[in-house]
Structure formats: C-alpha cells, structure tokens
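Novice: One structure follows; several queries about it will come next.
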Amino acid sequence: MASNSNIDIEDATQHLRDILKLDRPGNSGDAPPVEGQKKASFNGELNGLFGADLLGAGDRVAAGETHNPELMDPQERQTILLSGDDSSTSIAISSNDVEIVASHDSSISSKARGSNKVKIQPVAKYDWEHKYYYGNLIAVSNAYLAYAIRGANSYAMIRVLSLSAAERTLLKGFVGGVTDLAFAHLDSTQLACMDEAGNLFVWQLTSRDGKILDEVIVHIRRPEDTPLNSNRRLIWCPFIPEENEENPEDACQTLALLHEDRAEVWDLDILRANSSTWPVDATDLTDGFITVRGHSARISEGALSPDGTVLATASHDGYIKFWQIYIEGQDQPRCLHEWKPHSGKPLSCLLFCDNHKKQDPDVPFWRFLITGADQNRELKMWCTVSWTCLQTVRFSPDPFNSSVMPSLKASLDLSADYLILSDVQRKVRGQRSRC
C-alpha cells in the first residue's frame with residue numbers, strides 16, 4: 001500500500017469504491033435494466049431521508065454546490081414551523097431543501113407544559129451541566145445502562161446499572177472528566193470509555209451473585225503531562241450480526257479514538273495478546289494501533305467501515321476524509337477521498353445509513369451518508385456513488401428568541417430507518433425523520 005505522498009487522486013477514489021463495493025453490478029445507473037424489471041435510480045434504492053421521492057432530483061445536483069431551483073421540487077424550499085404542542089405530531093417533508101423553525105413553547109425558559117403523549121419511566125436521576133457535549137454521557141446495551149457522573153470532590157465516575165435487576169457498580173480511575181463511552185454493540189458486555197487525558201478503558205461486565213463484576217481488559221495510559229481535552233471521542237467498529245455467530249464479541253474488537261489533532265485505530269485483540277497486565281503506557285506500545293493525521297483543525301467525528309479497513313474522519317476544517325488503514329502492516333494511512341460537504345463549515349455529524357440489524361448482502365455499505373455542520377444546524381444527505389447532495393435540512397431558532405441557536409445531537413437507529421435529533425437548548429428532546 002502506498003504512503004500518503006504522491007497520491008493519485010483518481011486511483012485512490014477508485015480504490016475506495018472497490019473497498020466499499022460501489023461499482024459491482026446493480027450499483028450503477030449505467031447498467032442495463034433486466035427486461036420486465038423496473039430500472040433502479042442512479043443512486044440506488046433508499047427509503048429516503050426526510051422524503052423518498054426526492055432522490056431523482058438529487059441525482060442532478062453537483063456535490064458541494066447550491067441547489068438549482070429549476071432542478072428541485074416545484075415547491076422549492078419547504079419551511080416547517082414547529083408548534084410545540086400536540087396539534088401536529090407528524091409532518092411530511094416534500095422538498096429537497098427544507099428549513100425547520102423551532103417553537104417558542106419548547107424553549108428552556110418557556111413555562112408551557114410538555115406533551116402528554118410521551119410516557120417516561122425514570123431509571124436514574126442525575127443532573128449534568130447544561131452545555132453541548134461532543135461525546136456520549138450515556139451508553140446502553142441489552143443488559144446494562146452506563147452513565148458518567150461527578151462524585152465527591154468532582155471526581156469523574158461511571159455508574160453502571162443492570163437493566164434486569166437492582167445491581168449497580170461504580171467505575172473509577174479517570175483523569176479529568178469522562179468524554180465518551182459506548183458498548184461495543186447492543187448485545188455486548190464490553191464497555192469502552194475515554195477521559196479528558198485520552199486514557200482508554202475497556203471493561204468486561206458480568207453479573208454474578210447479585211453483583212456487577214467489572215474486569216479491565218484494556219487500559220491504555222497517556223503521559224501525565226497530556227493536556228486535558230473535553231472533545232475526545234470513541235467510535236467502535238460497527239457490528240453486523242451474521243447467522244450462526246457463536247461469540248459476537250470476537251467480531252467487534254476494533255475501535256477509533258479521536259483527539260484534537262489526530263485519530264487512532266486500535267485492535268484490542270493485538271493489545272490483549274501482547275499485554276496481560278494493565279495499565280500499559282501508550283508510549284511503550286508499538287503494535288496494535290495506527291495513527292492518522294491530515295486535518296488542519298480538530299477532528300470532530302469519525303466512522304469505521306464494518307471490516308475495519310477504512311476510517312472516515314470529519315473535522316472543523318470542513319473536510320471529510322477517507323483513510324485506508326492496515327493496523328498490522330507498516331504502511332502509513334492513505335487518503336482515498338476528501339471533500340467539503342458544507343462549503344468549509346465546521347463539521348459535527350458523520351452518519352452512514354447502513355442497516356446494522358440485518359444487512360442485505362446485495363446492498364453495499366456506506367452507500368448513503370448524512371453530514372452535519374455548525375452543531376448540526378445544517379444537515380445534508382449524500383450519495384457516495386456520485387458524491388451528490390440529495391437533500392439539505394436546516395434548523396432555525398425560535399423567532400421570539402433568535403439569539404438561542406439550535407445545538408443538535410444526531411444519531412441513527414440500528415436499522416437506519418430513523419434519524420433522531422435532540423436539541424440541548426429545548427425541552428423537546430427528540431425529533432424523528434424517516435430515512
């Protein structure tokens with residue numbers, strides 16, 4: 001594999017398409033349709049983010065360019081004014097250029113009552129500081145709930161609760177605060193965490209005799225003089241269930257760590273094979289990880305391909321870059337493709353619309369991509385076959401309090417059927433859009 005220098009852009013882009021199987025038969029609109037069969041659109045089949053009938057219009061919009069009204073839905077931009085009450089719980093989106101305006105009743109300062117159609121069952125109560133968090137403070141699996149808290153003297157801890165019994169435990173030993181935590185997948189009992197110093201923790205959780213037992217299976221320790229940073233992220237390699245999977249934990253042993261100036265991809269199997277006692281100093285390690293550099297500003301989001309060979313990174317420099325990685329090789333990461341999806345705005349979202357519940361073998365991974373900028377006040381849907389923008393959705397503040405801008409967190413459910421958005425500036429915490 002070639003190093004980063006002297007990259008042939010066309011060759012690298014084609015290599016990315018080969019890795020993601022974007023050019024195999026049936027994935028291009030240039031292939032002749034089978035007689036009697038409906039011809040697939042250029043961008044393939046997708047239920048459609050925010051509106052399925054808009055994909056055809058997106059085919060003709062060049063990546064990174066402003067939508068041409070003549071090529072859009074005749075309605076052009078669609079504006080949706082949220083009411084903040086139960087008068088409207090579902091709004092159809094009919095344009096590929098959409099503006100959603102927040103309601104006054106959903107603001108933090110409003111005294112309006114919330115919806116009585118949403119039933120909430122409290123599991124735990126803890127009040128976090130009201131601010132925008134880039135990482136996750138809560139992680140959920142089918143067996144456990146974990147969340148970051150501050151204990152006595154403001155020391156960071158993670159509380160772990162059993163979802164089937166009254167068992168609980170506390171995880172400690174962090175430097176600064178907890179910046180991100182996540183289970184490897186929904187059926188996993190492996191919990192990973194990053195703290196502000198960049199230390200990596202991975203625990204194996206088990207329940208026995210009315211107690212939750214936590215075993216540290218990986219602990220990578222950074223130098224004591226490492227600057228604290230609250231924006232560090234942790235991303236597991238996606239787990240795609242397969243038939244007759246004997247031990248799903250074995251299939252999910254790769255994760256990426258995002259730092260201010262770099263990304264790292266770690267192979268837990270190699271780390272555990274080379275070390276039997278923890279913690280291990282990061283400066284003493286030479287195997288089991290690879291470092292990726294190439295952004296001029298903070299890396300804000302990332303995603304690993306299901307086979308762990310490609311890392312996508314999004315940055316505040318406005319770029320998304322795709323890197324080919326081989327942890328066990330000596331070659332440097334290779335940039336396969338890069339572009340500015342939001343005209344250089346700081347990026348805050350990078351979501352691939354893959355079905356992680358039941359993957360269709362005829363549907364390639366990473367076919368459709370959702371990007372976000374400015375704390376996700378602007379979202380775009382992309383086709384990675386042609387790198388065209390299919391749809392743009394913008395979120396505007398309450399007209400009566402325009403100084404409070406939306407600050408949205410975005411995530412997809414495992415089937416990629418729903419995009420869930422939560423605004424830290426509003427009492428209404430969830431919005432759903434069919435993908």
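Every chain in the structure tokens takes a letter, A first, then B, and so on in the order presented; its residues are numbered from 1, and the ligands are numbered from 1 following the presented order.
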Report as a PyMOL selection string all protein, DNA and RNA residues lying within 8 Å of Ala146 of chain A, evaluated on only C-alpha atoms, omitting residues in the same chain fewer than 6 positions from it.
Specialist: chain A and resi 138-140+158-161
Novice: Convert the current residue selection to file output with N, CA, C and O atoms, as a PDB file, in the first residue's frame.
Specialist:
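again-v7.pdb, freshly written:
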```pdb
ATOM      1  N   ILE A 138     -24.054   8.719  28.094  1.00  0.00           N
ATOM      2  CA  ILE A 138     -24.847   7.540  28.417  1.00  0.00           C
ATOM      3  C   ILE A 138     -24.563   6.462  27.376  1.00  0.00           C
ATOM      4  O   ILE A 138     -24.451   6.758  26.182  1.00  0.00           O
ATOM      5  N   ALA A 139     -24.451   5.217  27.843  1.00  0.00           N
ATOM      6  CA  ALA A 139     -24.290   4.066  26.948  1.00  0.00           C
ATOM      7  C   ALA A 139     -25.259   2.982  27.399  1.00  0.00           C
ATOM      8  O   ALA A 139     -25.421   2.739  28.600  1.00  0.00           O
ATOM      9  N   VAL A 140     -25.906   2.326  26.428  1.00  0.00           N
ATOM     10  CA  VAL A 140     -26.924   1.322  26.741  1.00  0.00           C
ATOM     11  C   VAL A 140     -26.659   0.059  25.931  1.00  0.00           C
ATOM     12  O   VAL A 140     -26.361   0.120  24.737  1.00  0.00           O
ATOM     13  N   ILE A 158     -18.215   6.435  36.459  1.00  0.00           N
ATOM     14  CA  ILE A 158     -19.258   5.886  35.598  1.00  0.00           C
ATOM     15  C   ILE A 158     -20.122   4.956  36.446  1.00  0.00           C
ATOM     16  O   ILE A 158     -19.618   4.007  37.047  1.00  0.00           O
ATOM     17  N   ARG A 159     -21.406   5.253  36.490  1.00  0.00           N
ATOM     18  CA  ARG A 159     -22.365   4.389  37.181  1.00  0.00           C
ATOM     19  C   ARG A 159     -22.894   3.361  36.180  1.00  0.00           C
ATOM     20  O   ARG A 159     -23.290   3.724  35.075  1.00  0.00           O
ATOM     21  N   VAL A 160     -22.878   2.087  36.557  1.00  0.00           N
ATOM     22  CA  VAL A 160     -23.401   1.014  35.710  1.00  0.00           C
ATOM     23  C   VAL A 160     -24.563   0.351  36.436  1.00  0.00           C
ATOM     24  O   VAL A 160     -24.434  -0.052  37.601  1.00  0.00           O
ATOM     25  N   LEU A 161     -25.706   0.269  35.754  1.00  0.00           N
ATOM     26  CA  LEU A 161     -26.909  -0.359  36.305  1.00  0.00           C
ATOM     27  C   LEU A 161     -27.276  -1.570  35.469  1.00  0.00           C
ATOM     28  O   LEU A 161     -27.136  -1.563  34.245  1.00  0.00           O
TER      29      LEU A 161
END
```
Novice: Do you know which residues are at most 7 Å from Asp267 of chain A counting only C-alpha atoms, after dropping those on the same chain fewer than 6 positions away, and could you put them as a ChimeraX atom specification?
Specialist: /A:253-255,288-289
Novice: Counting only C-alpha atoms, which residue out of A:Leu163, A:Arg232, A:Cys252, A:Ser94 sits closest to Leu191 of chain A?
Specialist: A:Cys252
Novice: Going by DSSP on the backbone, which residues of segment 195-355 of chain A come out as alpha helix (DSSP H)? List them as a ChimeraX atom specification.
Specialist: /A:268-274
Novice: Using only C-alpha atoms, pick whichever of A:Gly308, A:Pro361, A:Pro346, A:Gly177 has the shortest atom-to-atom distance to His295 of chain A.
Specialist: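 Among the listed residues, the smallest separation from His295 of chain A belongs to A:Pro346.
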Novice: Please provide the set of residues having any atom within 8 Å of Cys353 of chain A, restricted to only C-alpha atoms, with same-chain residues fewer than 2 positions apart removed, written as JSON, numbers by chain.
Specialist: {"A": [351, 355, 366, 367, 368, 369, 370, 412, 416, 435]}
Novice: Keeping N, CA, C and O atoms for every residue in the selection just given, could you write it to a file as an mmCIF file, in the first residue's frame?
Specialist:
```
data_model
loop_
_atom_site.group_PDB
_atom_site.id
_atom_site.type_symbol
_atom_site.label_atom_id
_atom_site.label_comp_id
_atom_site.auth_asym_id
_atom_site.auth_seq_id
_atom_site.Cartn_x
_atom_site.Cartn_y
_atom_site.Cartn_z
ATOM 1 N N LEU A 351 -22.715 10.288 9.606
ATOM 2 C CA LEU A 351 -23.527 9.094 9.817
ATOM 3 C C LEU A 351 -23.751 8.376 8.489
ATOM 4 O O LEU A 351 -24.215 8.987 7.529
ATOM 5 N N ASN A 355 -27.920 -0.576 7.540
ATOM 6 C CA ASN A 355 -28.777 -1.369 8.412
ATOM 7 C C ASN A 355 -27.901 -2.318 9.225
ATOM 8 O O ASN A 355 -27.388 -3.307 8.702
ATOM 9 N N TRP A 366 -22.021 1.990 3.293
ATOM 10 C CA TRP A 366 -21.605 3.372 3.098
ATOM 11 C C TRP A 366 -22.122 3.939 1.774
ATOM 12 O O TRP A 366 -21.480 4.763 1.140
ATOM 13 N N ARG A 367 -23.307 3.502 1.366
ATOM 14 C CA ARG A 367 -23.884 3.972 0.113
ATOM 15 C C ARG A 367 -24.432 5.387 0.264
ATOM 16 O O ARG A 367 -24.343 6.209 -0.637
ATOM 17 N N PHE A 368 -25.034 5.667 1.433
ATOM 18 C CA PHE A 368 -25.612 6.980 1.699
ATOM 19 C C PHE A 368 -25.045 7.531 3.001
ATOM 20 O O PHE A 368 -24.790 6.785 3.949
ATOM 21 N N LEU A 369 -24.864 8.828 3.022
ATOM 22 C CA LEU A 369 -24.156 9.481 4.122
ATOM 23 C C LEU A 369 -24.899 10.748 4.541
ATOM 24 O O LEU A 369 -25.365 11.509 3.702
ATOM 25 N N ILE A 370 -25.009 10.948 5.848
ATOM 26 C CA ILE A 370 -25.565 12.181 6.411
ATOM 27 C C ILE A 370 -24.424 12.962 7.053
ATOM 28 O O ILE A 370 -23.689 12.421 7.882
ATOM 29 N N LEU A 412 -28.490 7.702 14.397
ATOM 30 C CA LEU A 412 -29.375 6.814 13.649
ATOM 31 C C LEU A 412 -29.695 5.586 14.492
ATOM 32 O O LEU A 412 -28.849 5.119 15.262
ATOM 33 N N ALA A 416 -31.200 2.169 10.589
ATOM 34 C CA ALA A 416 -31.069 3.373 9.755
ATOM 35 C C ALA A 416 -32.414 3.802 9.183
ATOM 36 O O ALA A 416 -32.476 4.486 8.161
ATOM 37 N N CYS A 435 -35.723 7.609 7.385
ATOM 38 C CA CYS A 435 -34.627 7.544 6.422
ATOM 39 C C CYS A 435 -34.956 6.548 5.332
ATOM 40 O O CYS A 435 -35.678 5.598 5.560
#
```
Novice: I need the residue nearest Val98 of chain A from this list: A:Tyr126, A:Ile327, A:Ser386, A:Met381. Use only C-alpha atoms for the distance.
Specialist: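 Looking only at the distances to Val98 of chain A, the closest residue turns out to be A:Met381.
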Novice: Where does DSSP see strand (DSSP E) in segment 68-262 of chain A, if you list the residues as a ChimeraX atom specification?
Specialist: /A:78-81,97-101,138-140,144-150,156-162,168-171,178-183,190-195,200-208,211-221,233-236,254-258
Novice: Tell me, as a ChimeraX atom specification, which residues lie within 8 Å of Glu338 of chain A, counting only C-alpha atoms; anything in the same chain fewer than 3 positions away does not count.
Specialist: /A:319-322,335
Novice: Measure the distance from atom CA of Lys358 of chain A to atom CA of Val385 of chain A in Å and round it to one decimal.
Specialist: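 Distance reported for this atom pair: 21.9 Å.
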Novice: Between A:Leu234, A:Ser315, A:Pro341, A:Arg272, which has the minimum distance to Ser296 of chain A (counting only C-alpha atoms)?
Specialist: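 With only C-alpha atoms as the atom set, the closest residue is A:Ser315.
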Novice: Using only C-alpha atoms, which of A:Ile299, A:Lys380, A:Val404, A:Gln324 sits nearest Leu16 of chain A?
Specialist: A:Gln324
Novice: Which one is closest to Glu378 of chain A: A:His342, A:His337, A:Lys409, A:Arg293? Count only C-alpha atoms.
Specialist: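 So, comparing all the options, the nearest one is A:His342.
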Novice: Using atom CA of Ile290 of chain A and atom CA of Leu268 of chain A as the two end points, give the distance in Å to one decimal.
Specialist: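 The value is 12.2 Å.
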